[in-house]
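Below is one structure, written out as structure tokens; the observations come after it.
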Amino acid sequence: TGSVNILVKSTTESAGETFTLRASGNYGSFTGAVATVVGSPAVDGKLEIHNGDAIEADYQDASGTVRIARALADLVPPTLSNITVSVDLGIITITWQTSEPADSLVRYGTNILSLVATDSTLTTTHSIKLRNLIPGQTYYFLVTSTDAGGNTATNDNSGAHFQFVAVPSPTVLLVDAYEQADGSAYIDEGAYTNALAAAGYQFAVWKVTERGSPQLSDLQAFPVVMWRFTDDLVNY
């Protein structure tokens with residue numbers, strides 16, 4: 001058959017509404033859309049719901065077995081709090097928290113907020129690094145998060161926007177994972193940092209023994225990454 005009827009009901013509209021799904025391909029999959037509205041139950045071709053309602057879809061599969069799919073109505077956007085600006089290794093980082101897992105978006109700019117940095121990971125602890133800033137410029141920003149239900153909230157400091165002054169960002173990140181090997185002479189990190197300084201490069205040092213191994217997001221802010229392992233020709 002090219003279509004199938006399902007009964008969809010909610011805590012608010014317990015009698016439910018009947019909707020028709022259409023076949024999608026030739027492999028037993030059916031799709032469709034169910035309009036929802038907040039209000040009192042009525043037979044109107046829409047499913048009345050309220051936040052926190054249990055939603056249930058009842059249907060028969062190809063064998064005639066009654067199947068039930070369940071979901072939860074989420075109509076409340078996350079609450080955004082504790083918006084902070086920090087500088088770590090010369091990189092501006094915006095952090096905030098949300099009351100439920102949600103994605104991360106920062107809109108920023110020196111006048112119009114025309115720049116965007118995002119992270120689609122759903123989390124309650126958010127961190128966005130900003131790249132390619134102009135040192136000495138004042139930047140304004142707001143933060144936005146959207147939860148799994150598509151509810152979006154924005155914190156723009158009550159319309160005033162948050163702000164920070166950009167700092168020079170290092171060109172090079174030296175990831176120092178050096179460990180002295182047995183029987184090998186110790187090689188100080190200055191063998192690297194002094195050469196970088198002499199060549200006129202701005203740089204930052206990531207000490208793996210202190211910070212752990214960096215993640216990809218930690219490296220992406222730097223045009224050049226140097227990774228120092230054990231310098232030993234005798235044992236390696």
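Quick note on naming: the chains in the structure tokens go A, B, ... in the order shown, residues restart at 1 in each chain, and ligands are numbered from 1 in order of appearance.
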
Item checked: Residue neighbourhood A:Ile6, 7 Å, only C-alpha atoms, exclusion window fewer than 5 positions, as a list in words ->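 In the requested form, the answer reads Thr18, Phe19, Thr20, Ala57, Asp58 and Tyr59 of chain A.
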
Go ahead and write the selection's residues with all heavy atoms as a PDB file, in the first residue's frame.
ATOM      1  N   THR A  18      -6.036  11.152  13.899  1.00  0.00           N
ATOM      2  CA  THR A  18      -5.567  10.198  12.896  1.00  0.00           C
ATOM      3  C   THR A  18      -4.874  10.952  11.767  1.00  0.00           C
ATOM      4  O   THR A  18      -5.411  11.922  11.224  1.00  0.00           O
ATOM      5  CB  THR A  18      -6.731   9.376  12.335  1.00  0.00           C
ATOM      6  OG1 THR A  18      -7.326   8.630  13.407  1.00  0.00           O
ATOM      7  CG2 THR A  18      -6.231   8.401  11.274  1.00  0.00           C
ATOM      8  N   PHE A  19      -3.676  10.482  11.431  1.00  0.00           N
ATOM      9  CA  PHE A  19      -2.890  11.098  10.367  1.00  0.00           C
ATOM     10  C   PHE A  19      -2.505  10.026   9.355  1.00  0.00           C
ATOM     11  O   PHE A  19      -2.394   8.843   9.692  1.00  0.00           O
ATOM     12  CB  PHE A  19      -1.630  11.752  10.933  1.00  0.00           C
ATOM     13  CG  PHE A  19      -1.903  12.879  11.883  1.00  0.00           C
ATOM     14  CD1 PHE A  19      -2.046  12.635  13.246  1.00  0.00           C
ATOM     15  CD2 PHE A  19      -2.042  14.174  11.426  1.00  0.00           C
ATOM     16  CE1 PHE A  19      -2.300  13.673  14.126  1.00  0.00           C
ATOM     17  CE2 PHE A  19      -2.300  15.225  12.301  1.00  0.00           C
ATOM     18  CZ  PHE A  19      -2.429  14.973  13.659  1.00  0.00           C
ATOM     19  N   THR A  20      -2.296  10.451   8.122  1.00  0.00           N
ATOM     20  CA  THR A  20      -1.921   9.539   7.053  1.00  0.00           C
ATOM     21  C   THR A  20      -0.463   9.739   6.683  1.00  0.00           C
ATOM     22  O   THR A  20      -0.020  10.869   6.435  1.00  0.00           O
ATOM     23  CB  THR A  20      -2.803   9.764   5.808  1.00  0.00           C
ATOM     24  OG1 THR A  20      -4.175   9.529   6.157  1.00  0.00           O
ATOM     25  CG2 THR A  20      -2.405   8.811   4.689  1.00  0.00           C
ATOM     26  N   ALA A  57       2.422   7.476  19.197  1.00  0.00           N
ATOM     27  CA  ALA A  57       1.943   7.164  17.851  1.00  0.00           C
ATOM     28  C   ALA A  57       1.690   5.662  17.775  1.00  0.00           C
ATOM     29  O   ALA A  57       2.604   4.868  18.000  1.00  0.00           O
ATOM     30  CB  ALA A  57       2.960   7.590  16.804  1.00  0.00           C
ATOM     31  N   ASP A  58       0.441   5.274  17.473  1.00  0.00           N
ATOM     32  CA  ASP A  58       0.059   3.870  17.373  1.00  0.00           C
ATOM     33  C   ASP A  58      -0.158   3.496  15.905  1.00  0.00           C
ATOM     34  O   ASP A  58      -0.856   4.225  15.186  1.00  0.00           O
ATOM     35  CB  ASP A  58      -1.233   3.604  18.148  1.00  0.00           C
ATOM     36  CG  ASP A  58      -1.111   3.964  19.628  1.00  0.00           C
ATOM     37  OD1 ASP A  58       0.030   4.118  20.103  1.00  0.00           O
ATOM     38  OD2 ASP A  58      -2.156   4.114  20.291  1.00  0.00           O
ATOM     39  N   TYR A  59       0.441   2.387  15.464  1.00  0.00           N
ATOM     40  CA  TYR A  59       0.289   1.971  14.074  1.00  0.00           C
ATOM     41  C   TYR A  59       0.479   0.457  13.981  1.00  0.00           C
ATOM     42  O   TYR A  59       0.977  -0.193  14.919  1.00  0.00           O
ATOM     43  CB  TYR A  59       1.302   2.690  13.187  1.00  0.00           C
ATOM     44  CG  TYR A  59       2.745   2.360  13.500  1.00  0.00           C
ATOM     45  CD1 TYR A  59       3.443   1.419  12.740  1.00  0.00           C
ATOM     46  CD2 TYR A  59       3.419   2.982  14.556  1.00  0.00           C
ATOM     47  CE1 TYR A  59       4.753   1.112  13.021  1.00  0.00           C
ATOM     48  CE2 TYR A  59       4.729   2.673  14.846  1.00  0.00           C
ATOM     49  CZ  TYR A  59       5.401   1.738  14.084  1.00  0.00           C
ATOM     50  OH  TYR A  59       6.705   1.424  14.367  1.00  0.00           O
TER      51      TYR A  59
END

Would you please extract all strand (DSSP E or B) residues from stretch 78-228 of chain A, as assigned by DSSP on the backbone, and give them as a PDB file with C-alpha atoms, in the first residue's frame?
ATOM      1  CA  LEU A  80      21.796  30.534  29.372  1.00  0.00           C
ATOM      2  CA  SER A  81      23.970  31.685  32.259  1.00  0.00           C
ATOM      3  CA  ASN A  82      27.540  32.394  33.401  1.00  0.00           C
ATOM      4  CA  ILE A  83      28.735  33.959  30.150  1.00  0.00           C
ATOM      5  CA  THR A  84      32.465  34.590  30.485  1.00  0.00           C
ATOM      6  CA  VAL A  85      35.412  35.680  28.333  1.00  0.00           C
ATOM      7  CA  SER A  86      38.877  34.294  28.950  1.00  0.00           C
ATOM      8  CA  VAL A  87      42.249  34.292  27.231  1.00  0.00           C
ATOM      9  CA  ASP A  88      44.046  30.963  27.065  1.00  0.00           C
ATOM     10  CA  ILE A  91      43.123  32.766  22.190  1.00  0.00           C
ATOM     11  CA  ILE A  92      39.831  34.416  23.184  1.00  0.00           C
ATOM     12  CA  THR A  93      37.391  31.806  24.493  1.00  0.00           C
ATOM     13  CA  ILE A  94      33.689  32.412  25.204  1.00  0.00           C
ATOM     14  CA  THR A  95      32.092  30.046  27.722  1.00  0.00           C
ATOM     15  CA  TRP A  96      28.609  29.663  29.154  1.00  0.00           C
ATOM     16  CA  GLN A  97      26.252  27.124  30.686  1.00  0.00           C
ATOM     17  CA  THR A  98      22.752  25.967  29.784  1.00  0.00           C
ATOM     18  CA  SER A  99      20.024  24.328  31.836  1.00  0.00           C
ATOM     19  CA  GLU A 100      19.816  21.404  29.376  1.00  0.00           C
ATOM     20  CA  PRO A 101      21.939  19.967  26.566  1.00  0.00           C
ATOM     21  CA  ALA A 102      22.020  22.364  23.618  1.00  0.00           C
ATOM     22  CA  ASP A 103      24.326  23.501  20.820  1.00  0.00           C
ATOM     23  CA  SER A 104      26.581  26.567  20.851  1.00  0.00           C
ATOM     24  CA  LEU A 105      26.607  29.717  18.714  1.00  0.00           C
ATOM     25  CA  VAL A 106      28.419  33.024  19.157  1.00  0.00           C
ATOM     26  CA  ARG A 107      27.591  36.041  16.995  1.00  0.00           C
ATOM     27  CA  TYR A 108      30.297  38.699  17.218  1.00  0.00           C
ATOM     28  CA  GLY A 109      31.852  41.673  15.485  1.00  0.00           C
ATOM     29  CA  LEU A 115      30.693  36.865  12.380  1.00  0.00           C
ATOM     30  CA  VAL A 116      29.536  33.472  13.657  1.00  0.00           C
ATOM     31  CA  ALA A 117      31.281  30.622  15.466  1.00  0.00           C
ATOM     32  CA  THR A 118      29.372  27.414  16.194  1.00  0.00           C
ATOM     33  CA  ASP A 119      29.577  23.954  17.709  1.00  0.00           C
ATOM     34  CA  SER A 120      26.722  21.503  17.039  1.00  0.00           C
ATOM     35  CA  THR A 121      27.541  19.299  20.045  1.00  0.00           C
ATOM     36  CA  LEU A 122      24.655  19.168  22.534  1.00  0.00           C
ATOM     37  CA  THR A 123      26.103  19.988  25.954  1.00  0.00           C
ATOM     38  CA  THR A 124      25.398  22.007  29.090  1.00  0.00           C
ATOM     39  CA  THR A 125      28.932  23.435  29.251  1.00  0.00           C
ATOM     40  CA  HIS A 126      29.774  25.536  26.197  1.00  0.00           C
ATOM     41  CA  SER A 127      33.132  26.781  24.961  1.00  0.00           C
ATOM     42  CA  ILE A 128      33.812  28.595  21.678  1.00  0.00           C
ATOM     43  CA  LYS A 129      37.239  29.803  20.576  1.00  0.00           C
ATOM     44  CA  LEU A 130      37.362  32.904  18.354  1.00  0.00           C
ATOM     45  CA  THR A 138      36.724  45.952  20.841  1.00  0.00           C
ATOM     46  CA  TYR A 139      34.385  43.130  19.843  1.00  0.00           C
ATOM     47  CA  TYR A 140      30.751  42.748  20.833  1.00  0.00           C
ATOM     48  CA  PHE A 141      28.956  39.407  21.035  1.00  0.00           C
ATOM     49  CA  LEU A 142      25.911  37.415  22.074  1.00  0.00           C
ATOM     50  CA  VAL A 143      25.466  33.693  22.667  1.00  0.00           C
ATOM     51  CA  THR A 144      22.682  31.396  21.475  1.00  0.00           C
ATOM     52  CA  SER A 145      21.830  27.766  22.216  1.00  0.00           C
ATOM     53  CA  THR A 146      19.206  25.457  20.692  1.00  0.00           C
ATOM     54  CA  ASP A 147      18.115  22.224  22.370  1.00  0.00           C
ATOM     55  CA  THR A 152      16.286  28.471  20.962  1.00  0.00           C
ATOM     56  CA  ALA A 153      17.406  30.973  23.579  1.00  0.00           C
ATOM     57  CA  THR A 154      19.757  33.950  23.293  1.00  0.00           C
ATOM     58  CA  ASN A 155      21.625  35.943  25.917  1.00  0.00           C
ATOM     59  CA  PHE A 162      28.857  41.454  25.850  1.00  0.00           C
ATOM     60  CA  GLN A 163      32.280  42.738  24.842  1.00  0.00           C
ATOM     61  CA  PHE A 164      36.018  42.106  24.964  1.00  0.00           C
ATOM     62  CA  VAL A 165      39.219  43.574  23.561  1.00  0.00           C
ATOM     63  CA  VAL A 172      52.667  28.887  16.468  1.00  0.00           C
ATOM     64  CA  LEU A 173      51.492  26.439  19.113  1.00  0.00           C
ATOM     65  CA  LEU A 174      54.246  24.213  20.480  1.00  0.00           C
ATOM     66  CA  VAL A 175      52.715  21.064  21.931  1.00  0.00           C
ATOM     67  CA  ASP A 176      55.391  19.810  24.312  1.00  0.00           C
ATOM     68  CA  PHE A 203      54.112  31.353  20.046  1.00  0.00           C
ATOM     69  CA  ALA A 204      52.382  29.562  22.899  1.00  0.00           C
ATOM     70  CA  VAL A 205      53.409  26.356  24.668  1.00  0.00           C
ATOM     71  CA  TRP A 206      51.028  23.525  25.525  1.00  0.00           C
ATOM     72  CA  LYS A 207      52.620  21.327  28.212  1.00  0.00           C
ATOM     73  CA  VAL A 224      51.045  26.374  12.782  1.00  0.00           C
ATOM     74  CA  VAL A 225      51.265  23.513  15.290  1.00  0.00           C
ATOM     75  CA  MET A 226      54.595  21.956  16.293  1.00  0.00           C
ATOM     76  CA  TRP A 227      54.355  18.705  18.251  1.00  0.00           C
ATOM     77  CA  ARG A 228      57.437  17.814  20.258  1.00  0.00           C
TER      78      ARG A 228
END

Next item on the list: Find the distance between atom CA of A:Gly16 and atom CA of A:Pro77 and write it in Å to one decimal.
Entry: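 According to the coordinates, atom CA of A:Gly16 and atom CA of A:Pro77 are separated by 25.7 Å.
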
Notebook entry, point to check: Of the residues A:Leu196, A:Ala166, A:Val76, A:Ala62, which is the one nearest to A:Tyr27, using only C-alpha atoms?
Noted result: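 Nearest to A:Tyr27: A:Ala62.
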
Check: Which neighbours of A:Val4 fall inside 8 Å, counting only C-alpha atoms, when residues of the same chain fewer than 6 positions from it are skipped, and could you give them as JSON, numbers by chain?
Finding: {"A": [20, 21, 22, 23, 30]}

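In this structure, atom CA of A:Glu179 sits 13.6 Å away from atom CA of A:Ser213.
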
Notebook entry, point to check: What separation in Å, quoted to one decimal, exists between atom CA of A:Lys9 and atom CA of A:Val37?
Noted result: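 Rounded to one decimal, the two atoms are 12.5 Å apart.
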
Notebook entry, point to check: Hey, what does DSSP flag as helix (DSSP H, G or I) within stretch 48-193 of chain A? Can you give it to me as an MDAnalysis selection string?
Noted result: chainID A and resid 190:193

Output N, CA and C atoms of each residue in that selection to a file, as a tab-separated table (two decimals), in the first residue's frame.
chain	number	residue	atom	x	y	z
A	190	GLY	N	63.63	25.19	25.57
A	190	GLY	CA	64.21	26.42	25.04
A	190	GLY	C	64.90	26.21	23.70
A	191	ALA	N	65.27	24.97	23.41
A	191	ALA	CA	65.85	24.68	22.10
A	191	ALA	C	64.86	25.01	20.99
A	192	TYR	N	63.57	24.94	21.31
A	192	TYR	CA	62.51	25.26	20.35
A	192	TYR	C	62.05	26.71	20.50
A	193	THR	N	61.75	27.09	21.74
A	193	THR	CA	61.18	28.43	21.96
A	193	THR	C	62.17	29.53	21.63
